[in-house]
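Listing of final.tsv, TSV, C-alpha atoms
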```tsv
chain	number	residue	atom	x	y	z
A	7	MET	CA	-66.19	-20.70	24.70
A	8	SER	CA	-64.14	-23.64	25.97
A	9	GLU	CA	-65.18	-25.69	22.94
A	10	ILE	CA	-63.99	-22.95	20.59
A	11	ASN	CA	-60.63	-22.68	22.38
A	12	SER	CA	-60.26	-26.47	22.29
A	13	SER	CA	-61.01	-26.48	18.56
A	14	ASN	CA	-58.47	-23.71	17.95
A	15	GLN	CA	-55.80	-25.61	19.87
A	16	SER	CA	-56.46	-28.78	17.87
A	17	LEU	CA	-56.31	-26.83	14.63
A	18	ASN	CA	-53.01	-25.21	15.65
A	19	LYS	CA	-51.54	-28.64	16.45
A	20	ILE	CA	-52.52	-29.94	13.01
A	21	LEU	CA	-51.06	-26.83	11.35
A	22	ASP	CA	-47.86	-27.23	13.35
A	23	LYS	CA	-47.50	-30.86	12.23
A	24	LEU	CA	-47.95	-29.83	8.62
A	25	GLY	CA	-45.45	-27.03	9.04
A	26	ILE	CA	-48.08	-24.39	8.18
A	27	ASN	CA	-48.06	-21.19	10.23
A	28	SER	CA	-51.29	-19.86	11.68
A	29	ALA	CA	-52.73	-16.59	10.46
A	30	LYS	CA	-51.28	-14.82	13.49
A	31	GLU	CA	-47.78	-16.08	12.71
A	32	LYS	CA	-48.11	-15.55	8.97
A	33	PHE	CA	-47.29	-11.88	9.19
A	34	ALA	CA	-44.71	-12.20	11.95
A	35	PRO	CA	-41.10	-11.57	10.93
A	36	ARG	CA	-39.18	-14.78	10.30
A	37	GLU	CA	-35.49	-15.47	10.10
A	38	THR	CA	-34.43	-16.24	6.55
A	39	LYS	CA	-31.93	-18.93	5.58
A	40	ASP	CA	-29.79	-19.15	2.50
A	41	GLN	CA	-29.71	-22.95	2.61
A	42	LEU	CA	-31.24	-25.93	4.41
A	43	GLY	CA	-29.31	-27.68	7.14
A	44	GLN	CA	-29.41	-31.26	8.43
A	45	GLU	CA	-32.07	-30.40	11.02
A	46	ASP	CA	-34.31	-28.88	8.35
A	47	PHE	CA	-33.88	-31.98	6.18
A	48	LEU	CA	-34.95	-34.29	9.04
A	49	LYS	CA	-37.98	-32.13	9.80
A	50	LEU	CA	-39.09	-32.23	6.18
A	51	MET	CA	-38.69	-36.02	6.02
A	52	THR	CA	-40.55	-36.54	9.33
A	53	THR	CA	-43.41	-34.29	8.22
A	54	GLN	CA	-43.61	-36.16	4.93
A	55	LEU	CA	-43.89	-39.53	6.71
A	56	GLN	CA	-46.48	-38.24	9.18
A	57	ASN	CA	-48.71	-36.79	6.48
A	58	GLN	CA	-48.36	-39.33	3.69
A	59	ASP	CA	-51.42	-40.96	2.15
A	60	PRO	CA	-51.92	-44.31	3.94
A	61	PHE	CA	-53.30	-45.78	0.69
A	62	ALA	CA	-50.26	-44.57	-1.30
A	63	PRO	CA	-47.26	-44.48	1.10
A	64	VAL	CA	-43.81	-43.37	0.12
A	65	ASP	CA	-42.11	-45.95	-2.06
A	66	ASN	CA	-39.24	-47.77	-0.34
A	67	ALA	CA	-36.86	-46.87	-3.16
A	68	ASP	CA	-37.75	-43.18	-2.83
A	69	PHE	CA	-37.31	-43.31	0.93
A	70	ILE	CA	-33.91	-44.99	0.63
A	71	ALA	CA	-32.88	-42.44	-2.02
A	72	GLN	CA	-33.76	-39.60	0.35
A	73	MET	CA	-31.78	-41.23	3.17
A	74	ALA	CA	-28.83	-41.64	0.81
A	75	GLN	CA	-29.02	-37.96	-0.08
A	76	PHE	CA	-29.06	-37.09	3.61
A	77	SER	CA	-26.01	-39.29	4.22
A	78	THR	CA	-24.22	-37.70	1.28
A	79	VAL	CA	-24.91	-34.18	2.59
A	80	THR	CA	-23.69	-35.20	6.04
A	81	GLY	CA	-20.52	-36.70	4.56
A	82	ILE	CA	-19.79	-33.63	2.46
A	83	THR	CA	-20.28	-31.34	5.46
A	84	SER	CA	-17.94	-33.48	7.57
A	85	MET	CA	-15.37	-33.60	4.76
A	86	ASP	CA	-15.55	-29.81	4.33
A	87	GLN	CA	-14.82	-29.29	8.02
A	88	THR	CA	-11.93	-31.77	7.85
A	89	MET	CA	-10.42	-30.08	4.80
A	90	LYS	CA	-10.64	-26.68	6.48
A	91	SER	CA	-8.82	-28.08	9.50
A	92	VAL	CA	-6.11	-29.64	7.31
A	93	SER	CA	-5.74	-26.37	5.38
A	94	GLU	CA	-5.24	-24.42	8.61
A	95	GLN	CA	-2.63	-26.92	9.83
A	96	LEU	CA	-0.75	-26.79	6.51
A	97	SER	CA	-0.79	-22.99	6.65
A	98	GLU	CA	0.73	-23.06	10.13
A	99	MET	CA	3.39	-25.56	9.01
A	100	ARG	CA	4.22	-23.40	5.98
A	101	ILE	CA	4.65	-20.33	8.20
A	102	ALA	CA	6.96	-22.27	10.52
A	103	SER	CA	9.08	-23.71	7.68
A	104	THR	CA	9.29	-20.34	5.91
A	105	THR	CA	10.39	-18.57	9.10
A	106	GLN	CA	13.32	-21.01	9.37
A	107	LEU	CA	14.76	-19.56	6.14
A	108	MET	CA	15.21	-16.13	7.70
A	109	GLY	CA	18.89	-15.20	7.87
A	110	HIS	CA	19.79	-17.73	5.16
A	111	SER	CA	20.42	-17.23	1.44
A	112	VAL	CA	18.14	-18.64	-1.24
A	113	LEU	CA	18.76	-19.16	-4.95
A	114	VAL	CA	16.66	-16.76	-7.04
A	115	PRO	CA	16.73	-15.79	-10.74
A	116	GLY	CA	18.66	-12.55	-11.19
A	117	LYS	CA	21.99	-10.78	-11.69
A	118	ILE	CA	22.28	-8.68	-8.53
A	119	ALA	CA	24.32	-10.28	-5.74
A	120	ARG	CA	25.98	-9.33	-2.48
A	121	ALA	CA	28.63	-10.98	-0.34
A	122	ASP	CA	27.23	-13.50	2.17
A	123	LYS	CA	28.34	-13.99	5.79
A	124	LYS	CA	31.53	-15.70	4.59
A	125	GLY	CA	32.34	-12.91	2.15
A	126	VAL	CA	31.47	-15.00	-0.92
A	127	ILE	CA	29.26	-14.29	-3.93
A	128	SER	CA	27.85	-17.41	-5.59
A	129	GLY	CA	25.21	-18.62	-8.00
A	130	VAL	CA	24.54	-20.76	-11.06
A	131	VAL	CA	24.30	-20.34	-14.84
A	132	ASP	CA	21.63	-22.16	-16.82
A	133	LEU	CA	23.30	-23.49	-19.98
A	134	PRO	CA	20.83	-24.44	-22.74
A	135	GLN	CA	23.61	-26.26	-24.62
A	136	THR	CA	27.29	-27.11	-24.38
A	137	ALA	CA	29.44	-24.00	-23.91
A	138	SER	CA	32.90	-23.89	-25.45
A	139	ASN	CA	34.11	-21.14	-23.16
A	140	LEU	CA	31.94	-20.04	-20.21
A	141	SER	CA	32.94	-16.73	-18.61
A	142	ILE	CA	31.51	-15.04	-15.49
A	143	ILE	CA	32.03	-11.29	-15.14
A	144	PHE	CA	31.47	-9.37	-11.88
A	145	GLU	CA	30.83	-5.64	-12.26
A	146	ASN	CA	29.95	-2.74	-9.98
A	147	SER	CA	26.90	-0.51	-10.51
A	148	ASP	CA	28.96	1.74	-12.84
A	149	GLY	CA	29.79	-1.15	-15.19
A	150	GLU	CA	33.42	-1.43	-14.06
A	151	VAL	CA	34.74	-5.02	-14.16
A	152	LEU	CA	35.75	-6.12	-10.66
A	153	HIS	CA	36.53	-9.76	-11.33
A	154	GLN	CA	36.26	-12.38	-14.08
A	155	ASP	CA	36.26	-16.18	-14.02
A	156	THR	CA	36.79	-18.41	-17.06
A	157	LEU	CA	35.19	-21.81	-16.52
A	158	GLY	CA	36.07	-23.25	-19.93
A	159	THR	CA	33.94	-25.89	-21.66
A	160	GLN	CA	30.75	-26.84	-19.80
A	161	LYS	CA	27.90	-29.29	-20.44
A	162	PRO	CA	24.23	-28.19	-20.63
A	163	GLY	CA	22.46	-27.62	-17.32
A	164	LEU	CA	23.15	-25.64	-14.16
A	165	VAL	CA	26.79	-24.68	-13.70
A	166	GLY	CA	27.84	-23.24	-10.34
A	167	PHE	CA	30.21	-20.31	-9.84
A	168	GLU	CA	31.55	-18.28	-6.90
A	169	TRP	CA	33.86	-15.39	-6.14
A	170	LYS	CA	35.69	-15.99	-2.87
A	171	ASP	CA	38.50	-13.41	-2.67
A	172	LEU	CA	36.35	-10.28	-2.67
A	173	PRO	CA	38.08	-7.00	-1.76
A	174	GLN	CA	37.43	-6.08	1.86
A	175	GLU	CA	35.86	-2.77	0.87
A	176	ILE	CA	33.13	-4.58	-1.12
A	177	ILE	CA	32.41	-6.92	1.81
A	178	GLU	CA	32.23	-4.11	4.38
A	179	SER	CA	30.15	-1.79	2.20
A	180	SER	CA	27.78	-4.60	1.20
A	181	LYS	CA	27.44	-2.96	-2.19
A	182	PRO	CA	25.59	-4.94	-4.87
A	183	VAL	CA	27.58	-6.64	-7.61
A	184	ILE	CA	26.21	-7.22	-11.11
A	185	ILE	CA	26.86	-10.68	-12.57
A	186	ARG	CA	27.00	-11.36	-16.29
A	187	ALA	CA	27.62	-14.73	-17.95
A	188	PHE	CA	28.78	-15.32	-21.54
A	189	THR	CA	29.84	-18.22	-23.74
A	190	GLY	CA	32.35	-18.16	-26.58
A	191	ASN	CA	35.17	-15.71	-27.04
A	192	ASN	CA	34.39	-12.16	-25.85
A	193	GLY	CA	30.76	-13.07	-25.28
A	194	GLU	CA	30.06	-13.56	-28.96
A	195	ASN	CA	27.27	-16.07	-28.27
A	196	GLY	CA	25.22	-13.69	-26.12
A	197	GLU	CA	24.50	-13.27	-22.43
A	198	LEU	CA	23.06	-16.15	-20.38
A	199	SER	CA	20.50	-16.15	-17.59
A	200	THR	CA	21.85	-16.51	-14.07
A	201	GLN	CA	20.58	-17.34	-10.59
A	202	VAL	CA	22.22	-15.98	-7.48
A	203	PHE	CA	22.08	-16.59	-3.74
A	204	ALA	CA	20.34	-13.67	-2.03
A	205	HIS	CA	19.77	-12.95	1.67
A	206	VAL	CA	16.34	-13.60	3.23
A	207	SER	CA	15.61	-10.57	5.40
A	208	GLY	CA	12.11	-11.55	6.58
A	209	THR	CA	8.71	-13.01	5.78
A	210	SER	CA	5.29	-11.52	5.08
A	211	LYS	CA	1.76	-12.94	5.01
A	212	THR	CA	-0.44	-12.12	2.00
A	213	ASP	CA	-3.71	-13.36	0.52
A	214	ASN	CA	-1.64	-15.88	-1.48
A	215	GLY	CA	0.10	-17.24	1.61
A	216	VAL	CA	3.45	-16.61	3.27
A	217	MET	CA	6.11	-14.90	1.17
A	218	LEU	CA	9.88	-14.55	1.62
A	219	GLU	CA	11.30	-11.02	1.66
A	220	VAL	CA	14.58	-11.33	-0.26
A	221	GLU	CA	17.15	-8.55	-0.41
A	222	ASP	CA	17.20	-6.80	-3.82
A	223	TYR	CA	14.33	-9.00	-5.09
A	224	GLY	CA	11.34	-8.23	-2.88
A	225	SER	CA	8.66	-10.86	-2.19
A	226	ILE	CA	9.40	-14.39	-3.40
A	227	ASP	CA	7.06	-17.40	-3.18
A	228	PRO	CA	8.80	-20.10	-1.08
A	229	SER	CA	7.69	-22.72	-3.62
A	230	GLN	CA	10.05	-21.11	-6.17
A	231	VAL	CA	13.08	-21.72	-3.94
A	232	VAL	CA	14.98	-24.81	-5.07
A	233	ARG	CA	18.21	-24.26	-3.09
A	234	PHE	CA	19.28	-22.43	0.05
A	235	LYS	CA	22.41	-22.16	2.16
A	236	ASN	CA	23.54	-20.72	5.49
```

Final structure tokens representation of the file:
Amino acid sequence: MSEINSSNQSLNKILDKLGINSAKEKFAPRETKDQLGQEDFLKLMTTQLQNQDPFAPVDNADFIAQMAQFSTVTGITSMDQTMKSVSEQLSEMRIASTTQLMGHSVLVPGKIARADKKGVISGVVDLPQTASNLSIIFENSDGEVLHQDTLGTQKPGLVGFEWKDLPQEIIESSKPVIIRAFTGNNGENGELSTQVFAHVSGTSKTDNGVMLEVEDYGSIDPSQVVRFKN
């Protein structure tokens, strides 16, 4: 009986070296893996070297190629971990920088504006070409003209405007003002697109990153903000 047990033990050792499970283990539940790791790769290579044909060993070029593949996998894994760490740090920095804009005003495309802390409404007009007579009209929600500025001839590009002497009732009520920009006499050349400074009331985190919550305009991507002021 001892000889049989000794033979079984020797057989099991050989099967273990070859990576072949015994009949008893064959039907035992095994943990499945979706992919091979570094440890699995080393085991496979060691088993291959231990069980290679001594009369036809692994070619040096093949062995070096396998080692190079192992090094490449190790490098990619390390790089992936590094990139994840950098991504997390950038996300934290973006949250911190975005939070600093809370309470400030940012320039966003639109026509709805409110008085800022200094009681001023300001923004810019994007002129596609030279304007002979640029006019900015400020209206209430009913379409009544509250104020009008004539800026005269302007070159193409962004042209700034502001309304400083707002009536106290508009400042205190914080009612929205509609801004309309025209060129030519009586707006004969059509209405232009405008950008206004709007108040940042908070921030929110979404699947796309951190977003600015801007009054009257909802969620705005911080990357779209080109100007801001106190």

Might you pull out every residue within 7 Å of Asn139 (chain A), with all atoms listed in the file counted and same-chain residues fewer than 2 positions away left off, and present them as a VMD selection string? chain A and resid 137 141 157 to 159 189 to 191

Residues within 9 Å of region 115-132 of chain A, please, as a PyMOL selection string. Count all atoms listed in the file; anything in the same chain fewer than 5 positions from it doesn't count. chain A and resi 142+162-172+174+176-177+180-187+198-205+222-223+236

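Note that the spacing between CA of Thr52 (chain A) and CA of Thr78 (chain A) amounts to 18.2 Å.
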
To one decimal place in Å, what is the distance between CA of Lys161 (chain A) and CA of Leu133 (chain A)?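 Separation between CA of Lys161 (chain A) and CA of Leu133 (chain A): 7.4 Å.
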
Give me, please, the distance in Å between CA of Gly196 (chain A) and CA of Val114 (chain A), quoted to one decimal. 21.1 Å

Can you report as lines of an AutoDock Vina configuration file the centre and edge lengths in Å, to one decimal, of an axis-aligned box around the listed atoms of region 144-162 of chain A padded with 5 Å on each side?
```
center_x = 30.5
center_y = -13.8
center_z = -15.8
size_x = 22.6
size_y = 41.0
size_z = 21.7
```
